[in-house]
file upload.pdb (PDB, C-alpha atoms and all ligand atoms)
ATOM      1  CA  MET A  30     135.042 131.701 102.057  1.00  0.00           C
ATOM      2  CA  LYS A  31     135.060 128.025 101.084  1.00  0.00           C
ATOM      3  CA  LYS A  32     133.740 125.303 103.362  1.00  0.00           C
ATOM      4  CA  ILE A  33     136.586 122.865 104.071  1.00  0.00           C
ATOM      5  CA  THR A  34     135.731 119.220 104.856  1.00  0.00           C
ATOM      6  CA  ASN A  35     137.964 116.360 105.835  1.00  0.00           C
ATOM      7  CA  GLY A  36     136.889 112.982 107.197  1.00  0.00           C
ATOM      8  CA  ILE A  37     134.565 112.922 104.176  1.00  0.00           C
ATOM      9  CA  LYS A  38     131.252 111.091 104.640  1.00  0.00           C
ATOM     10  CA  LYS A  39     128.915 112.174 101.802  1.00  0.00           C
ATOM     11  CA  PHE A  40     131.176 112.003  98.712  1.00  0.00           C
ATOM     12  CA  GLN A  41     129.105 113.194  95.757  1.00  0.00           C
ATOM     13  CA  HIS A  42     130.320 116.699  94.933  1.00  0.00           C
ATOM     14  CA  PHE A  43     131.559 115.490  91.496  1.00  0.00           C
ATOM     15  CA  TYR A  44     128.031 115.072  90.028  1.00  0.00           C
ATOM     16  CA  PRO A  45     126.278 115.569  87.559  1.00  0.00           C
ATOM     17  CA  TYR A  46     127.022 112.336  85.689  1.00  0.00           C
ATOM     18  CA  THR A  47     124.872 110.668  83.026  1.00  0.00           C
ATOM     19  CA  VAL A  48     122.843 107.651  84.094  1.00  0.00           C
ATOM     20  CA  ALA A  49     123.265 104.277  82.395  1.00  0.00           C
ATOM     21  CA  LEU A  50     121.430 101.050  83.115  1.00  0.00           C
ATOM     22  CA  VAL A  51     124.078  98.351  83.341  1.00  0.00           C
ATOM     23  CA  GLY A  52     123.644  94.615  83.569  1.00  0.00           C
ATOM     24  CA  GLY A  53     123.352  91.390  81.712  1.00  0.00           C
ATOM     25  CA  GLN A  54     122.265  87.806  81.697  1.00  0.00           C
ATOM     26  CA  SER A  55     123.767  84.879  83.584  1.00  0.00           C
ATOM     27  CA  GLY A  56     122.092  81.521  83.001  1.00  0.00           C
ATOM     28  CA  GLY A  57     118.371  82.336  82.935  1.00  0.00           C
ATOM     29  CA  GLN A  58     118.674  85.453  85.111  1.00  0.00           C
ATOM     30  CA  ILE A  59     118.607  88.949  83.599  1.00  0.00           C
ATOM     31  CA  ASN A  60     119.243  92.000  85.797  1.00  0.00           C
ATOM     32  CA  TYR A  61     120.137  95.672  85.411  1.00  0.00           C
ATOM     33  CA  MET A  62     120.944  98.482  87.828  1.00  0.00           C
ATOM     34  CA  ALA A  63     121.256 102.255  87.515  1.00  0.00           C
ATOM     35  CA  CYS A  64     124.912 103.231  87.208  1.00  0.00           C
ATOM     36  CA  ALA A  65     126.299 106.757  87.329  1.00  0.00           C
ATOM     37  CA  TRP A  66     129.934 105.776  87.933  1.00  0.00           C
ATOM     38  CA  HIS A  67     131.138 104.894  84.467  1.00  0.00           C
ATOM     39  CA  THR A  68     133.731 106.100  81.974  1.00  0.00           C
ATOM     40  CA  ALA A  69     135.337 105.387  78.621  1.00  0.00           C
ATOM     41  CA  PHE A  70     138.951 104.165  78.873  1.00  0.00           C
ATOM     42  CA  SER A  71     140.199 103.851  75.304  1.00  0.00           C
ATOM     43  CA  PHE A  72     139.187 104.665  71.719  1.00  0.00           C
ATOM     44  CA  ASP A  73     141.171 101.837  70.102  1.00  0.00           C
ATOM     45  CA  PRO A  74     140.197  99.305  71.212  1.00  0.00           C
ATOM     46  CA  PRO A  75     136.996 100.897  72.509  1.00  0.00           C
ATOM     47  CA  LEU A  76     137.005 100.169  76.250  1.00  0.00           C
ATOM     48  CA  PHE A  77     134.300 101.205  78.717  1.00  0.00           C
ATOM     49  CA  GLY A  78     134.302 100.779  82.506  1.00  0.00           C
ATOM     50  CA  VAL A  79     131.589 100.677  85.164  1.00  0.00           C
ATOM     51  CA  LEU A  80     132.044 100.756  88.950  1.00  0.00           C
ATOM     52  CA  ILE A  81     129.825  98.345  90.825  1.00  0.00           C
ATOM     53  CA  SER A  82     129.607  97.596  94.545  1.00  0.00           C
ATOM     54  CA  LYS A  83     129.973  93.947  95.567  1.00  0.00           C
ATOM     55  CA  LYS A  84     126.547  94.200  97.227  1.00  0.00           C
ATOM     56  CA  ARG A  85     124.712  94.517  93.898  1.00  0.00           C
ATOM     57  CA  LEU A  86     123.170  91.501  92.154  1.00  0.00           C
ATOM     58  CA  THR A  87     124.519  93.068  88.960  1.00  0.00           C
ATOM     59  CA  HIS A  88     128.062  92.475  90.303  1.00  0.00           C
ATOM     60  CA  LYS A  89     127.391  88.720  90.468  1.00  0.00           C
ATOM     61  CA  ILE A  90     125.611  88.622  87.092  1.00  0.00           C
ATOM     62  CA  ILE A  91     128.413  90.388  85.196  1.00  0.00           C
ATOM     63  CA  SER A  92     131.144  88.411  86.986  1.00  0.00           C
ATOM     64  CA  GLU A  93     129.471  85.168  85.898  1.00  0.00           C
ATOM     65  CA  ALA A  94     128.406  86.247  82.404  1.00  0.00           C
ATOM     66  CA  ARG A  95     131.802  87.866  81.564  1.00  0.00           C
ATOM     67  CA  GLU A  96     129.835  90.390  79.487  1.00  0.00           C
ATOM     68  CA  PHE A  97     127.443  93.299  80.066  1.00  0.00           C
ATOM     69  CA  THR A  98     125.417  95.968  78.315  1.00  0.00           C
ATOM     70  CA  VAL A  99     125.478  99.713  79.055  1.00  0.00           C
ATOM     71  CA  ASN A 100     122.209 101.491  78.232  1.00  0.00           C
ATOM     72  CA  PHE A 101     121.858 105.283  78.385  1.00  0.00           C
ATOM     73  CA  ILE A 102     118.336 106.565  79.015  1.00  0.00           C
ATOM     74  CA  SER A 103     116.818 110.006  78.440  1.00  0.00           C
ATOM     75  CA  ALA A 104     115.410 112.342  81.090  1.00  0.00           C
ATOM     76  CA  GLU A 105     111.875 111.260  80.118  1.00  0.00           C
ATOM     77  CA  ARG A 106     112.747 107.763  81.473  1.00  0.00           C
ATOM     78  CA  VAL A 107     113.848 109.012  84.896  1.00  0.00           C
ATOM     79  CA  LYS A 108     111.432 106.690  86.719  1.00  0.00           C
ATOM     80  CA  LEU A 109     113.225 103.691  85.223  1.00  0.00           C
ATOM     81  CA  SER A 110     116.466 104.920  86.799  1.00  0.00           C
ATOM     82  CA  ALA A 111     114.827 105.102  90.224  1.00  0.00           C
ATOM     83  CA  GLN A 112     113.276 101.660  89.751  1.00  0.00           C
ATOM     84  CA  MET A 113     116.538 100.026  88.643  1.00  0.00           C
ATOM     85  CA  GLY A 114     118.635 102.032  91.094  1.00  0.00           C
ATOM     86  CA  ARG A 115     116.618 101.857  94.281  1.00  0.00           C
ATOM     87  CA  LYS A 116     115.335  98.275  94.037  1.00  0.00           C
ATOM     88  CA  SER A 117     117.546  95.200  93.942  1.00  0.00           C
ATOM     89  CA  GLY A 118     117.314  92.080  91.858  1.00  0.00           C
ATOM     90  CA  HIS A 119     118.246  90.262  95.089  1.00  0.00           C
ATOM     91  CA  ASP A 120     114.619  90.897  96.180  1.00  0.00           C
ATOM     92  CA  MET A 121     112.603  90.952  92.959  1.00  0.00           C
ATOM     93  CA  ASP A 122     112.635  90.424  89.199  1.00  0.00           C
ATOM     94  CA  LYS A 123     112.998  94.076  88.144  1.00  0.00           C
ATOM     95  CA  ILE A 124     112.590  93.320  84.441  1.00  0.00           C
ATOM     96  CA  LYS A 125     109.208  91.677  85.030  1.00  0.00           C
ATOM     97  CA  GLU A 126     108.020  94.002  87.802  1.00  0.00           C
ATOM     98  CA  PHE A 127     108.782  97.236  85.908  1.00  0.00           C
ATOM     99  CA  GLU A 128     107.962  95.831  82.447  1.00  0.00           C
ATOM    100  CA  VAL A 129     111.395  96.694  81.022  1.00  0.00           C
ATOM    101  CA  LYS A 130     111.500  96.082  77.267  1.00  0.00           C
ATOM    102  CA  LEU A 131     114.594  94.199  76.086  1.00  0.00           C
ATOM    103  CA  SER A 132     116.069  93.569  72.645  1.00  0.00           C
ATOM    104  CA  PRO A 133     118.507  90.839  71.634  1.00  0.00           C
ATOM    105  CA  SER A 134     122.147  91.844  71.316  1.00  0.00           C
ATOM    106  CA  LYS A 135     123.997  91.268  68.047  1.00  0.00           C
ATOM    107  CA  ILE A 136     127.079  89.464  69.454  1.00  0.00           C
ATOM    108  CA  ILE A 137     126.704  88.778  73.182  1.00  0.00           C
ATOM    109  CA  LYS A 138     123.936  86.860  75.015  1.00  0.00           C
ATOM    110  CA  SER A 139     122.931  89.674  77.392  1.00  0.00           C
ATOM    111  CA  PRO A 140     120.131  91.819  75.946  1.00  0.00           C
ATOM    112  CA  VAL A 141     120.089  95.597  75.514  1.00  0.00           C
ATOM    113  CA  ILE A 142     117.314  97.815  76.918  1.00  0.00           C
ATOM    114  CA  GLU A 143     114.973  99.000  74.198  1.00  0.00           C
ATOM    115  CA  GLU A 144     114.065 102.312  75.883  1.00  0.00           C
ATOM    116  CA  ALA A 145     117.728 103.406  75.810  1.00  0.00           C
ATOM    117  CA  TYR A 146     118.793 105.967  73.193  1.00  0.00           C
ATOM    118  CA  VAL A 147     122.156 104.234  72.970  1.00  0.00           C
ATOM    119  CA  SER A 148     123.424 100.853  74.191  1.00  0.00           C
ATOM    120  CA  PHE A 149     126.840  99.182  74.195  1.00  0.00           C
ATOM    121  CA  GLU A 150     127.446  95.433  74.007  1.00  0.00           C
ATOM    122  CA  CYS A 151     130.589  94.790  76.060  1.00  0.00           C
ATOM    123  CA  LYS A 152     132.829  91.757  76.515  1.00  0.00           C
ATOM    124  CA  LEU A 153     134.421  91.797  79.988  1.00  0.00           C
ATOM    125  CA  THR A 154     138.202  92.280  79.814  1.00  0.00           C
ATOM    126  CA  ASP A 155     139.153  93.129  83.412  1.00  0.00           C
ATOM    127  CA  ILE A 156     137.871  93.438  86.989  1.00  0.00           C
ATOM    128  CA  LYS A 157     139.776  95.442  89.610  1.00  0.00           C
ATOM    129  CA  ALA A 158     138.840  96.437  93.167  1.00  0.00           C
ATOM    130  CA  TYR A 159     138.880 100.108  94.197  1.00  0.00           C
ATOM    131  CA  GLY A 160     137.753 100.640  97.785  1.00  0.00           C
ATOM    132  CA  ASP A 161     134.127  99.560  98.137  1.00  0.00           C
ATOM    133  CA  HIS A 162     133.492  99.301  94.365  1.00  0.00           C
ATOM    134  CA  ASP A 163     134.906  97.008  91.679  1.00  0.00           C
ATOM    135  CA  LEU A 164     135.798  98.355  88.250  1.00  0.00           C
ATOM    136  CA  PHE A 165     134.497  96.184  85.389  1.00  0.00           C
ATOM    137  CA  VAL A 166     136.115  97.077  82.074  1.00  0.00           C
ATOM    138  CA  GLY A 167     134.647  95.809  78.820  1.00  0.00           C
ATOM    139  CA  GLU A 168     135.531  96.001  75.177  1.00  0.00           C
ATOM    140  CA  VAL A 169     132.645  97.645  73.301  1.00  0.00           C
ATOM    141  CA  LEU A 170     131.777  95.222  70.501  1.00  0.00           C
ATOM    142  CA  VAL A 171     128.576  96.804  69.179  1.00  0.00           C
ATOM    143  CA  ILE A 172     126.785 100.166  69.567  1.00  0.00           C
ATOM    144  CA  HIS A 173     122.990 100.345  69.151  1.00  0.00           C
ATOM    145  CA  GLU A 174     121.882 103.960  68.680  1.00  0.00           C
ATOM    146  CA  GLU A 175     118.613 105.746  68.091  1.00  0.00           C
ATOM    147  CA  GLU A 176     119.329 107.382  64.721  1.00  0.00           C
ATOM    148  CA  LYS A 177     117.800 110.748  65.601  1.00  0.00           C
ATOM    149  CA  SER A 178     119.897 110.956  68.790  1.00  0.00           C
ATOM    150  CA  PHE A 179     123.352 111.376  67.214  1.00  0.00           C
ATOM    151  CA  ASP A 180     125.010 113.131  64.278  1.00  0.00           C
ATOM    152  CA  SER A 181     127.284 111.218  61.879  1.00  0.00           C
ATOM    153  CA  GLU A 182     130.256 111.645  64.266  1.00  0.00           C
ATOM    154  CA  GLY A 183     128.349 110.279  67.231  1.00  0.00           C
ATOM    155  CA  VAL A 184     127.764 113.663  68.895  1.00  0.00           C
ATOM    156  CA  LEU A 185     124.536 113.676  70.892  1.00  0.00           C
ATOM    157  CA  ASN A 186     121.716 115.701  69.305  1.00  0.00           C
ATOM    158  CA  THR A 187     120.596 117.567  72.415  1.00  0.00           C
ATOM    159  CA  GLY A 188     117.674 119.162  70.574  1.00  0.00           C
ATOM    160  CA  LYS A 189     116.141 115.710  70.071  1.00  0.00           C
ATOM    161  CA  THR A 190     117.448 113.668  73.009  1.00  0.00           C
ATOM    162  CA  HIS A 191     117.646 114.921  76.586  1.00  0.00           C
ATOM    163  CA  PRO A 192     120.305 112.959  78.502  1.00  0.00           C
ATOM    164  CA  LEU A 193     119.485 111.987  82.074  1.00  0.00           C
ATOM    165  CA  LEU A 194     121.963 113.443  84.563  1.00  0.00           C
ATOM    166  CA  TYR A 195     122.258 112.382  88.195  1.00  0.00           C
ATOM    167  CA  LEU A 196     123.029 114.876  90.968  1.00  0.00           C
ATOM    168  CA  GLY A 197     123.127 112.424  93.904  1.00  0.00           C
ATOM    169  CA  SER A 198     120.565 111.843  96.687  1.00  0.00           C
ATOM    170  CA  ASP A 199     117.854 110.921  94.124  1.00  0.00           C
ATOM    171  CA  PHE A 200     117.973 114.294  92.324  1.00  0.00           C
ATOM    172  CA  TYR A 201     118.019 114.352  88.518  1.00  0.00           C
ATOM    173  CA  ILE A 202     118.310 117.033  85.851  1.00  0.00           C
ATOM    174  CA  THR A 203     118.906 117.356  82.113  1.00  0.00           C
ATOM    175  CA  ILE A 204     120.797 119.881  79.970  1.00  0.00           C
ATOM    176  CA  ASN A 205     119.577 123.008  78.197  1.00  0.00           C
ATOM    177  CA  PRO A 206     120.305 122.679  74.434  1.00  0.00           C
ATOM    178  CA  ASP A 207     120.204 126.504  74.112  1.00  0.00           C
ATOM    179  CA  THR A 208     123.618 126.614  75.851  1.00  0.00           C
ATOM    180  CA  LEU A 209     125.280 124.525  73.086  1.00  0.00           C
ATOM    181  CA  LYS A 210     128.501 126.024  71.643  1.00  0.00           C
ATOM    182  CA  HIS A 211     131.036 124.655  69.148  1.00  0.00           C
ATOM    183  CA  VAL A 212     134.336 126.135  70.337  1.00  0.00           C
ATOM    184  CA  LEU A 213     137.790 125.951  68.737  1.00  0.00           C
ATOM    185  CA  PRO A 214     141.034 127.446  70.109  1.00  0.00           C
ATOM    186  CA  ASP A 215     141.308 129.763  66.947  1.00  0.00           C
TER     187      ASP A 215
HETATM  188  C1  LIG B   1     121.048 107.203  89.676  1.00  0.00           C
HETATM  189  C2  LIG B   1     121.750 106.076  90.383  1.00  0.00           C
HETATM  190  C3  LIG B   1     123.071 105.772  90.077  1.00  0.00           C
HETATM  191  C4  LIG B   1     123.724 104.697  90.697  1.00  0.00           C
HETATM  192  N1  LIG B   1     125.022 104.424  90.368  1.00  0.00           N
HETATM  193  C5  LIG B   1     125.624 103.345  90.917  1.00  0.00           C
HETATM  194  C6  LIG B   1     126.962 103.006  90.525  1.00  0.00           C
HETATM  195  O1  LIG B   1     127.585 103.663  89.707  1.00  0.00           O
HETATM  196  N2  LIG B   1     127.519 101.899  91.100  1.00  0.00           N
HETATM  197  C7  LIG B   1     126.850 101.134  92.025  1.00  0.00           C
HETATM  198  O2  LIG B   1     127.410 100.141  92.508  1.00  0.00           O
HETATM  199  N3  LIG B   1     125.590 101.438  92.395  1.00  0.00           N
HETATM  200  C8  LIG B   1     124.963 102.508  91.860  1.00  0.00           C
HETATM  201  N4  LIG B   1     123.673 102.798  92.200  1.00  0.00           N
HETATM  202  C9  LIG B   1     122.961 101.907  93.136  1.00  0.00           C
HETATM  203  C10 LIG B   1     122.408 100.658  92.438  1.00  0.00           C
HETATM  204  O3  LIG B   1     121.797 100.975  91.201  1.00  0.00           O
HETATM  205  C11 LIG B   1     121.356 100.017  93.380  1.00  0.00           C
HETATM  206  O4  LIG B   1     121.977  99.610  94.571  1.00  0.00           O
HETATM  207  C12 LIG B   1     120.587  98.890  92.746  1.00  0.00           C
HETATM  208  O5  LIG B   1     119.480  98.611  93.570  1.00  0.00           O
HETATM  209  C13 LIG B   1     121.409  97.635  92.554  1.00  0.00           C
HETATM  210  O6  LIG B   1     120.601  96.703  91.930  1.00  0.00           O
HETATM  211  P1  LIG B   1     120.960  95.157  91.852  1.00  0.00           P
HETATM  212  O7  LIG B   1     121.174  94.641  93.261  1.00  0.00           O
HETATM  213  O8  LIG B   1     119.749  94.568  91.195  1.00  0.00           O
HETATM  214  O9  LIG B   1     122.190  95.039  91.028  1.00  0.00           O
HETATM  215  C14 LIG B   1     123.022 103.901  91.649  1.00  0.00           C
HETATM  216  C15 LIG B   1     121.699 104.234  91.977  1.00  0.00           C
HETATM  217  C16 LIG B   1     121.072 105.304  91.348  1.00  0.00           C
HETATM  218  C17 LIG B   1     119.641 105.636  91.715  1.00  0.00           C
END
call {"tool": "encode", "arguments": {"input": "upload.pdb", "output": "structure tokens", "more": "lines below"}}
Ligand SMILES: Cc1cc2nc3c(=O)[nH]c(=O)nc-3n(C[C@H](O)[C@H](O)[C@H](O)COP(=O)(O)O)c2cc1C
result
Amino acid sequence: MKKITNGIKKFQHFYPYTVALVGGQSGGQINYMACAWHTAFSFDPPLFGVLISKKRLTHKIISEAREFTVNFISAERVKLSAQMGRKSGHDMDKIKEFEVKLSPSKIIKSPVIEEAYVSFECKLTDIKAYGDHDLFVGEVLVIHEEEKSFDSEGVLNTGKTHPLLYLGSDFYITINPDTLKHVLPD
């Protein structure tokens, strides 16, 4: 028997999703937040989208800066996700408070997060409202990757890097590399 729900209140049955830290710099202010709602949109040009509530400081920063960085962190950095995802830059300087290490981007002004195993520099191309979140789509101009984390085709090396997955309600997990299979249709 399946439990049937309508009038949905807690909508998170689609997890696990990987966690990225998303943000940027507007004027002198730098801010990032944890973001699980993200997706690629296109290979050519490479387009990547993030969904951000209007309540977030990050929403204001990216709207003003017209650019953002997307920074994927490993399971070992889970605390950083909680810090960036449960505290707001409206109330504190998260970068200073949590001693987040930043590196300069190659093309845009907004820095990337050094602890990330891969980061994207994105130039904002579109903003669209969907319910209580806004979709920010950016063209990926530069990828910064930890060399050991990916093979030559950009496939994640799960033996070396353990991606951080979010399950909702502050639960996190990673994947078991022993389950890896390369499968073709024959
Ligand atoms: C793991 C995780 C994932 C999150 N994903 C999103 C998301 O995709 N979109 C969003 O608007 N907020 C998301 N949040 C909430 C924001 O990260 C959180 O409200 C944060 O404090 C906003 O920071 P800011 O006000 O400094 O931008 C997430 C929180 C966590 C812990």
call {"tool": "atom_distance", "arguments": {"input": "upload.pdb", "atom1": "CA of Ile172 in chain A", "atom2": "atom C5 of ligand LIG 1 (chain B)"}}
result
21.6 Å
call {"tool": "closest_atom_pairs", "arguments": {"input": "upload.pdb", "of": "chain A", "to": "ligand LIG 1 (chain B)", "cutoff": "10 Å", "atoms": "all atoms listed in the file", "output": "Markdown table"}}
result
| residue | atom | partner | partner_atom | distance |
| --- | --- | --- | --- | --- |
| A:Tyr46 | CA | B:LIG1 | C1 | 8.8 |
| A:Thr47 | CA | B:LIG1 | C1 | 8.4 |
| A:Val48 | CA | B:LIG1 | C1 | 5.9 |
| A:Ala49 | CA | B:LIG1 | C3 | 7.8 |
| A:Leu50 | CA | B:LIG1 | O3 | 8.1 |
| A:Val51 | CA | B:LIG1 | O9 | 8.6 |
| A:Gly52 | CA | B:LIG1 | O9 | 7.6 |
| A:Ile59 | CA | B:LIG1 | O8 | 9.5 |
| A:Asn60 | CA | B:LIG1 | O8 | 6.0 |
| A:Tyr61 | CA | B:LIG1 | O8 | 5.9 |
| A:Met62 | CA | B:LIG1 | O3 | 4.3 |
| A:Ala63 | CA | B:LIG1 | O3 | 3.9 |
| A:Cys64 | CA | B:LIG1 | N1 | 3.4 |
| A:Ala65 | CA | B:LIG1 | N1 | 4.0 |
| A:Trp66 | CA | B:LIG1 | O1 | 3.6 |
| A:His67 | CA | B:LIG1 | O1 | 6.4 |
| A:Val79 | CA | B:LIG1 | O1 | 6.8 |
| A:Leu80 | CA | B:LIG1 | N2 | 5.1 |
| A:Ile81 | CA | B:LIG1 | O2 | 3.4 |
| A:Ser82 | CA | B:LIG1 | O2 | 3.9 |
| A:Lys83 | CA | B:LIG1 | O2 | 7.4 |
| A:Lys84 | CA | B:LIG1 | O7 | 6.7 |
| A:Arg85 | CA | B:LIG1 | O7 | 3.6 |
| A:Leu86 | CA | B:LIG1 | O9 | 3.8 |
| A:Thr87 | CA | B:LIG1 | O9 | 3.7 |
| A:His88 | CA | B:LIG1 | O9 | 6.4 |
| A:Lys89 | CA | B:LIG1 | O9 | 8.2 |
| A:Ile90 | CA | B:LIG1 | O9 | 8.3 |
| A:Ile91 | CA | B:LIG1 | O9 | 9.7 |
| A:Val107 | CA | B:LIG1 | C1 | 8.8 |
| A:Lys108 | CA | B:LIG1 | C17 | 9.7 |
| A:Leu109 | CA | B:LIG1 | C17 | 9.3 |
| A:Ser110 | CA | B:LIG1 | C1 | 5.9 |
| A:Ala111 | CA | B:LIG1 | C17 | 5.1 |
| A:Gln112 | CA | B:LIG1 | C17 | 7.8 |
| A:Met113 | CA | B:LIG1 | C12 | 5.9 |
| A:Gly114 | CA | B:LIG1 | O3 | 3.3 |
| A:Arg115 | CA | B:LIG1 | O5 | 4.4 |
| A:Lys116 | CA | B:LIG1 | O5 | 4.2 |
| A:Ser117 | CA | B:LIG1 | O8 | 3.6 |
| A:Gly118 | CA | B:LIG1 | O8 | 3.5 |
| A:His119 | CA | B:LIG1 | O7 | 5.6 |
| A:Asp120 | CA | B:LIG1 | O8 | 8.0 |
| A:Met121 | CA | B:LIG1 | O8 | 8.2 |
| A:Asp122 | CA | B:LIG1 | O8 | 8.5 |
| A:Lys123 | CA | B:LIG1 | O8 | 7.4 |
| A:Ile124 | CA | B:LIG1 | O8 | 9.9 |
| A:Asp161 | CA | B:LIG1 | O2 | 8.8 |
| A:His162 | CA | B:LIG1 | O2 | 6.4 |
| A:Asp163 | CA | B:LIG1 | O2 | 8.2 |
| A:Leu164 | CA | B:LIG1 | N2 | 9.4 |
| A:Leu193 | CA | B:LIG1 | C1 | 9.1 |
| A:Leu194 | CA | B:LIG1 | C1 | 8.1 |
| A:Tyr195 | CA | B:LIG1 | C1 | 5.5 |
| A:Leu196 | CA | B:LIG1 | C1 | 8.0 |
| A:Gly197 | CA | B:LIG1 | C1 | 7.0 |
| A:Ser198 | CA | B:LIG1 | C17 | 8.0 |
| A:Asp199 | CA | B:LIG1 | C17 | 6.1 |
| A:Phe200 | CA | B:LIG1 | C1 | 8.2 |
| A:Tyr201 | CA | B:LIG1 | C1 | 7.9 |
call {"tool": "residues_near_point", "arguments": {"input": "upload.pdb", "point": "(123.4, 106.2, 75.8)", "cutoff": "8 Å", "atoms": "all atoms listed in the file", "output": "CSV table (one decimal) with C-alpha atoms, keeping the file's coordinate frame"}}
result
chain,number,residue,atom,x,y,z
A,49,ALA,CA,123.3,104.3,82.4
A,99,VAL,CA,125.5,99.7,79.1
A,100,ASN,CA,122.2,101.5,78.2
A,101,PHE,CA,121.9,105.3,78.4
A,102,ILE,CA,118.3,106.6,79.0
A,145,ALA,CA,117.7,103.4,75.8
A,146,TYR,CA,118.8,106.0,73.2
A,147,VAL,CA,122.2,104.2,73.0
A,148,SER,CA,123.4,100.9,74.2
A,149,PHE,CA,126.8,99.2,74.2
A,174,GLU,CA,121.9,104.0,68.7
A,192,PRO,CA,120.3,113.0,78.5
call {"tool": "residues_around", "arguments": {"input": "upload.pdb", "residues": "range 129-135 of chain A", "least_positions_apart": "6", "cutoff": "9 Å", "atoms": "all atoms listed in the file", "output": "list of chain:residue names"}}
result
A:Thr98, A:Leu109, A:Lys123, A:Val141, A:Ile142, A:Glu143, A:Glu144, A:Glu150, A:Val171, A:His173
call {"tool": "atom_distance", "arguments": {"input": "upload.pdb", "atom1": "CA of Lys125 in chain A", "atom2": "CA of Glu175 in chain A"}}
result
23.9 Å
call {"tool": "resolve_selection", "arguments": {"input": "upload.pdb", "expression": "the PyMOL selection byres (((chain A and resi 209-213) around 12) and not hetatm)", "output": "list in words"}}
result
Val184, Leu185, Asn186, Thr187, Gly188, Ile204, Asn205, Pro206, Asp207, Thr208, Pro214 and Asp215 of chain A
call {"tool": "write_last_selection", "arguments": {"input": "upload.pdb", "atoms": "C-alpha atoms", "output": "PDB file, in the coordinates of the input"}}
result
ATOM      1  CA  VAL A 184     127.764 113.663  68.895  1.00  0.00           C
ATOM      2  CA  LEU A 185     124.536 113.676  70.892  1.00  0.00           C
ATOM      3  CA  ASN A 186     121.716 115.701  69.305  1.00  0.00           C
ATOM      4  CA  THR A 187     120.596 117.567  72.415  1.00  0.00           C
ATOM      5  CA  GLY A 188     117.674 119.162  70.574  1.00  0.00           C
ATOM      6  CA  ILE A 204     120.797 119.881  79.970  1.00  0.00           C
ATOM      7  CA  ASN A 205     119.577 123.008  78.197  1.00  0.00           C
ATOM      8  CA  PRO A 206     120.305 122.679  74.434  1.00  0.00           C
ATOM      9  CA  ASP A 207     120.204 126.504  74.112  1.00  0.00           C
ATOM     10  CA  THR A 208     123.618 126.614  75.851  1.00  0.00           C
ATOM     11  CA  PRO A 214     141.034 127.446  70.109  1.00  0.00           C
ATOM     12  CA  ASP A 215     141.308 129.763  66.947  1.00  0.00           C
TER      13      ASP A 215
END
call {"tool": "atom_distance", "arguments": {"input": "upload.pdb", "atom1": "CA of Ala94 in chain A", "atom2": "CA of Ser55 in chain A"}}
result
5.0 Å
call {"tool": "closest_residue", "arguments": {"input": "upload.pdb", "among": "A:Ile202, A:Cys151, A:Ala158, A:Met30", "to": "Pro74 in chain A", "atoms": "only C-alpha atoms"}}
result
A:Cys151
